[in-house]
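Shown next: final16.cif, given as mmCIF, C-alpha atoms.
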```cif
data_protein
#
loop_
_atom_site.group_PDB
_atom_site.id
_atom_site.type_symbol
_atom_site.label_atom_id
_atom_site.label_comp_id
_atom_site.auth_asym_id
_atom_site.auth_seq_id
_atom_site.Cartn_x
_atom_site.Cartn_y
_atom_site.Cartn_z
ATOM 1 C CA GLN N 1 -9.485 -15.202 9.324
ATOM 2 C CA VAL N 2 -7.686 -12.099 8.128
ATOM 3 C CA GLN N 3 -7.883 -11.595 4.380
ATOM 4 C CA LEU N 4 -6.438 -8.864 2.211
ATOM 5 C CA VAL N 5 -7.302 -8.924 -1.478
ATOM 6 C CA GLU N 6 -5.773 -6.429 -3.909
ATOM 7 C CA SER N 7 -7.139 -5.401 -7.275
ATOM 8 C CA GLY N 8 -6.631 -2.696 -9.866
ATOM 9 C CA GLY N 9 -3.199 -3.471 -11.231
ATOM 10 C CA GLY N 10 -2.443 -3.452 -14.916
ATOM 11 C CA SER N 11 -0.228 -2.201 -17.724
ATOM 12 C CA VAL N 12 0.003 1.487 -18.555
ATOM 13 C CA GLN N 13 2.317 3.820 -20.404
ATOM 14 C CA ALA N 14 4.579 6.253 -18.628
ATOM 15 C CA GLY N 15 2.598 9.202 -17.334
ATOM 16 C CA GLY N 16 -0.513 7.097 -16.879
ATOM 17 C CA THR N 17 -2.606 6.437 -13.807
ATOM 18 C CA LEU N 18 -3.920 3.450 -11.889
ATOM 19 C CA ARG N 19 -5.953 2.981 -8.733
ATOM 20 C CA LEU N 20 -5.245 0.002 -6.547
ATOM 21 C CA SER N 21 -7.726 -1.331 -4.001
ATOM 22 C CA CYS N 22 -7.299 -3.677 -1.065
ATOM 23 C CA ALA N 23 -10.393 -5.261 0.452
ATOM 24 C CA ALA N 24 -9.878 -6.277 4.069
ATOM 25 C CA SER N 25 -11.865 -8.706 6.183
ATOM 26 C CA GLY N 26 -11.601 -10.811 9.317
ATOM 27 C CA TYR N 27 -10.289 -8.168 11.723
ATOM 28 C CA SER N 28 -10.883 -4.659 13.039
ATOM 29 C CA TYR N 29 -9.804 -2.783 9.920
ATOM 30 C CA SER N 30 -10.627 0.657 11.327
ATOM 31 C CA SER N 31 -8.234 0.103 14.253
ATOM 32 C CA SER N 32 -5.173 -0.901 12.256
ATOM 33 C CA CYS N 33 -2.286 0.753 10.505
ATOM 34 C CA MET N 34 -2.429 -0.082 6.785
ATOM 35 C CA ALA N 35 0.269 0.186 4.147
ATOM 36 C CA TRP N 36 1.258 -0.531 0.583
ATOM 37 C CA PHE N 37 4.550 -2.181 -0.307
ATOM 38 C CA ARG N 38 6.058 -3.045 -3.674
ATOM 39 C CA GLN N 39 8.681 -5.409 -5.003
ATOM 40 C CA ALA N 40 10.329 -5.000 -8.366
ATOM 41 C CA PRO N 41 12.085 -7.899 -10.115
ATOM 42 C CA GLY N 42 15.470 -8.541 -8.541
ATOM 43 C CA LYS N 43 14.935 -5.952 -5.804
ATOM 44 C CA GLU N 44 13.966 -6.019 -2.167
ATOM 45 C CA ARG N 45 10.433 -5.179 -1.115
ATOM 46 C CA GLU N 46 10.035 -1.529 -0.128
ATOM 47 C CA GLY N 47 7.417 0.423 1.718
ATOM 48 C CA VAL N 48 5.468 2.805 -0.507
ATOM 49 C CA ALA N 49 2.927 4.475 1.750
ATOM 50 C CA SER N 50 1.024 4.066 4.984
ATOM 51 C CA VAL N 51 -2.079 5.478 6.636
ATOM 52 C CA ASP N 52 -3.028 5.280 10.299
ATOM 53 C CA VAL N 53 -6.474 5.239 11.845
ATOM 54 C CA TYR N 54 -6.408 9.029 12.175
ATOM 55 C CA GLY N 55 -5.794 9.501 8.466
ATOM 56 C CA ASN N 56 -2.149 10.479 8.825
ATOM 57 C CA THR N 57 -0.154 9.396 5.797
ATOM 58 C CA ASN N 58 3.487 8.704 5.069
ATOM 59 C CA TYR N 59 5.179 8.181 1.696
ATOM 60 C CA ALA N 60 8.456 6.940 0.337
ATOM 61 C CA ASP N 61 10.447 9.788 -1.214
ATOM 62 C CA SER N 62 10.274 8.085 -4.614
ATOM 63 C CA VAL N 63 6.483 8.405 -4.798
ATOM 64 C CA LYS N 64 5.781 11.639 -2.923
ATOM 65 C CA GLY N 65 3.597 13.973 -4.939
ATOM 66 C CA ARG N 66 2.566 11.182 -7.348
ATOM 67 C CA PHE N 67 0.876 8.522 -5.206
ATOM 68 C CA THR N 68 -1.952 8.985 -2.708
ATOM 69 C CA ILE N 69 -2.961 6.465 -0.071
ATOM 70 C CA SER N 70 -6.421 6.550 1.464
ATOM 71 C CA ARG N 71 -8.752 4.341 3.439
ATOM 72 C CA ASP N 72 -12.517 3.915 3.642
ATOM 73 C CA ASN N 73 -13.311 2.432 7.031
ATOM 74 C CA ALA N 74 -16.984 1.987 6.158
ATOM 75 C CA LYS N 75 -16.003 -0.273 3.256
ATOM 76 C CA ASN N 76 -12.962 -1.879 4.910
ATOM 77 C CA THR N 77 -10.971 -0.882 1.861
ATOM 78 C CA LEU N 78 -7.539 0.615 1.332
ATOM 79 C CA TYR N 79 -6.639 2.515 -1.833
ATOM 80 C CA LEU N 80 -3.527 3.672 -3.618
ATOM 81 C CA GLN N 81 -3.891 6.227 -6.402
ATOM 82 C CA LEU N 82 -0.902 6.088 -8.722
ATOM 83 C CA ASN N 83 -0.384 9.157 -10.937
ATOM 84 C CA SER N 84 2.432 10.176 -13.270
ATOM 85 C CA LEU N 85 3.654 6.608 -13.396
ATOM 86 C CA LYS N 86 7.237 5.879 -14.394
ATOM 87 C CA PRO N 87 8.821 2.668 -15.694
ATOM 88 C CA GLU N 88 10.664 2.349 -12.381
ATOM 89 C CA ASP N 89 7.289 2.009 -10.636
ATOM 90 C CA THR N 90 6.903 -1.419 -12.260
ATOM 91 C CA ALA N 91 6.477 -3.936 -9.427
ATOM 92 C CA ILE N 92 4.108 -6.197 -7.577
ATOM 93 C CA TYR N 93 2.155 -4.033 -5.141
ATOM 94 C CA SER N 94 0.884 -5.572 -1.922
ATOM 95 C CA CYS N 95 -1.212 -4.208 0.889
ATOM 96 C CA ALA N 96 -0.368 -5.047 4.474
ATOM 97 C CA ALA N 97 -1.979 -4.718 7.879
ATOM 98 C CA ASP N 98 -0.432 -4.073 11.293
ATOM 99 C CA LEU N 99 -3.054 -5.311 13.714
ATOM 100 C CA ARG N 100 -0.978 -4.342 16.750
ATOM 101 C CA ARG N 101 -0.933 -0.606 16.105
ATOM 102 C CA SER N 102 -3.427 2.112 15.239
ATOM 103 C CA TRP N 103 -0.505 4.314 14.184
ATOM 104 C CA CYS N 104 2.201 3.563 11.635
ATOM 105 C CA ARG N 105 5.936 3.778 12.126
ATOM 106 C CA LYS N 106 7.437 6.198 9.632
ATOM 107 C CA SER N 107 10.181 3.780 8.641
ATOM 108 C CA LEU N 108 7.577 1.200 7.524
ATOM 109 C CA PRO N 109 9.475 -1.876 8.674
ATOM 110 C CA GLU N 110 8.089 -5.012 7.070
ATOM 111 C CA THR N 111 8.237 -6.788 10.407
ATOM 112 C CA ASP N 112 5.475 -4.528 11.748
ATOM 113 C CA PHE N 113 3.010 -6.051 9.294
ATOM 114 C CA GLY N 114 1.754 -9.518 10.065
ATOM 115 C CA TYR N 115 -0.783 -9.812 7.282
ATOM 116 C CA TRP N 116 -0.291 -9.428 3.554
ATOM 117 C CA GLY N 117 -2.307 -9.614 0.388
ATOM 118 C CA GLN N 118 -1.279 -11.713 -2.598
ATOM 119 C CA GLY N 119 -0.206 -8.669 -4.610
ATOM 120 C CA THR N 120 -1.206 -7.072 -7.886
ATOM 121 C CA GLN N 121 1.115 -6.420 -10.815
ATOM 122 C CA VAL N 122 1.737 -2.889 -12.049
ATOM 123 C CA THR N 123 3.693 -2.567 -15.292
ATOM 124 C CA VAL N 124 4.685 0.814 -16.713
ATOM 125 C CA SER N 125 6.136 0.980 -20.220
ATOM 126 C CA SER N 126 8.183 3.859 -21.599
#
```
Using structure tokens, write down the structure that the file contains.
Amino acid sequence: QVQLVESGGGSVQAGGTLRLSCAASGYSYSSSCMAWFRQAPGKEREGVASVDVYGNTNYADSVKGRFTISRDNAKNTLYLQLNSLKPEDTAIYSCAADLRRSWCRKSLPETDFGYWGQGTQVTVSS
């Protein structure tokens, strides 16, 4: 069955960096749109970044220039490099897979993604 397992979260000070990973299994990873979402306490889940099978990426305005999404199809792994972290980046970060599309819709609607990881906590202190 489809499994997505995140790792790499943690606690850092503002300005710090983290690298999140998402190990995928049970489906054709190289053929699917992949994305990262996050949910802060008391807020709705929001799309952070996506990458399609061609390597095209899309970012939320709030993270542009600071976060980088990438994928390694040989390792079935999705990454999110988080640089220049801010306290407002504190959230649970989850990876998600859209098995129906090789491309990603720019608006990153949650309903496009049928499979989700359990999430990893990122905490940024000021």
statement: Among N:Thr68, N:Ser25, N:Thr90, N:Ser102, Thr123 in chain N is approached most closely, using all atoms listed in the file, by N:Thr90
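Of the residues listed (N:Ala49, N:Ala97, N:Cys22, N:Ala60), N:Cys22 shows the shortest atom-to-atom separation from Asn76 in chain N; distances use all atoms listed in the file.
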message: When you count only C-alpha atoms, which of these residues is closest to Arg45 in chain N: N:Glu6, N:Ala24, N:Ser94, N:Asp112?
response: N:Ser94
field: the PyMOL selection byres ((chain N and resi 82) around 7) resolved against shown file, as a PyMOL selection string
entry: chain N and resi 17-19+66-68+80-81+83-85
Kindly resolve the PyMOL selection byres ((chain N and resi 33) around 10) on the present coordinates and return the residues as a compact mmCIF listing (two decimals) with C-alpha atoms, keeping the file's coordinate frame.
```
# COMPACT_ATOMS: atom_id res chain seq x y z
CA TYR N 29 -9.80 -2.78 9.92
CA SER N 30 -10.63 0.66 11.33
CA SER N 31 -8.23 0.10 14.25
CA SER N 32 -5.17 -0.90 12.26
CA MET N 34 -2.43 -0.08 6.78
CA ALA N 35 0.27 0.19 4.15
CA SER N 50 1.02 4.07 4.98
CA VAL N 51 -2.08 5.48 6.64
CA ASP N 52 -3.03 5.28 10.30
CA VAL N 53 -6.47 5.24 11.84
CA TYR N 54 -6.41 9.03 12.18
CA GLY N 55 -5.79 9.50 8.47
CA ASN N 56 -2.15 10.48 8.82
CA ALA N 96 -0.37 -5.05 4.47
CA ALA N 97 -1.98 -4.72 7.88
CA ASP N 98 -0.43 -4.07 11.29
CA LEU N 99 -3.05 -5.31 13.71
CA ARG N 100 -0.98 -4.34 16.75
CA ARG N 101 -0.93 -0.61 16.10
CA SER N 102 -3.43 2.11 15.24
CA TRP N 103 -0.50 4.31 14.18
CA CYS N 104 2.20 3.56 11.64
CA ARG N 105 5.94 3.78 12.13
CA ASP N 112 5.48 -4.53 11.75
CA PHE N 113 3.01 -6.05 9.29
```
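The interatomic distance for the pair CA of Leu4 in chain N and CA of Ser125 in chain N works out to 27.5 Å.
Shortest separation to Ser107 in chain N among N:Asn58, N:Thr77, N:Ser21, N:Gln39 occurs at residue N:Asn58, atoms counted being all atoms listed in the file.
We find CA of Gln118 in chain N and CA of Gly8 in chain N to be spaced 12.8 Å apart.
Minimum atom-to-atom distances from N:Arg38, N:Lys86, N:Lys43, N:Lys64 to Val124 in chain N were compared using all atoms listed in the file, and the lowest value belongs to N:Lys86.
Interatomic distance, CA of Val48 in chain N to CA of Val63 in chain N: 7.1 Å.
For the set N:Gln121, N:Ser70, N:Pro87, N:Glu44, the residue with the smallest atom-to-atom gap to Gln13 in chain N is N:Pro87, counting only C-alpha atoms.
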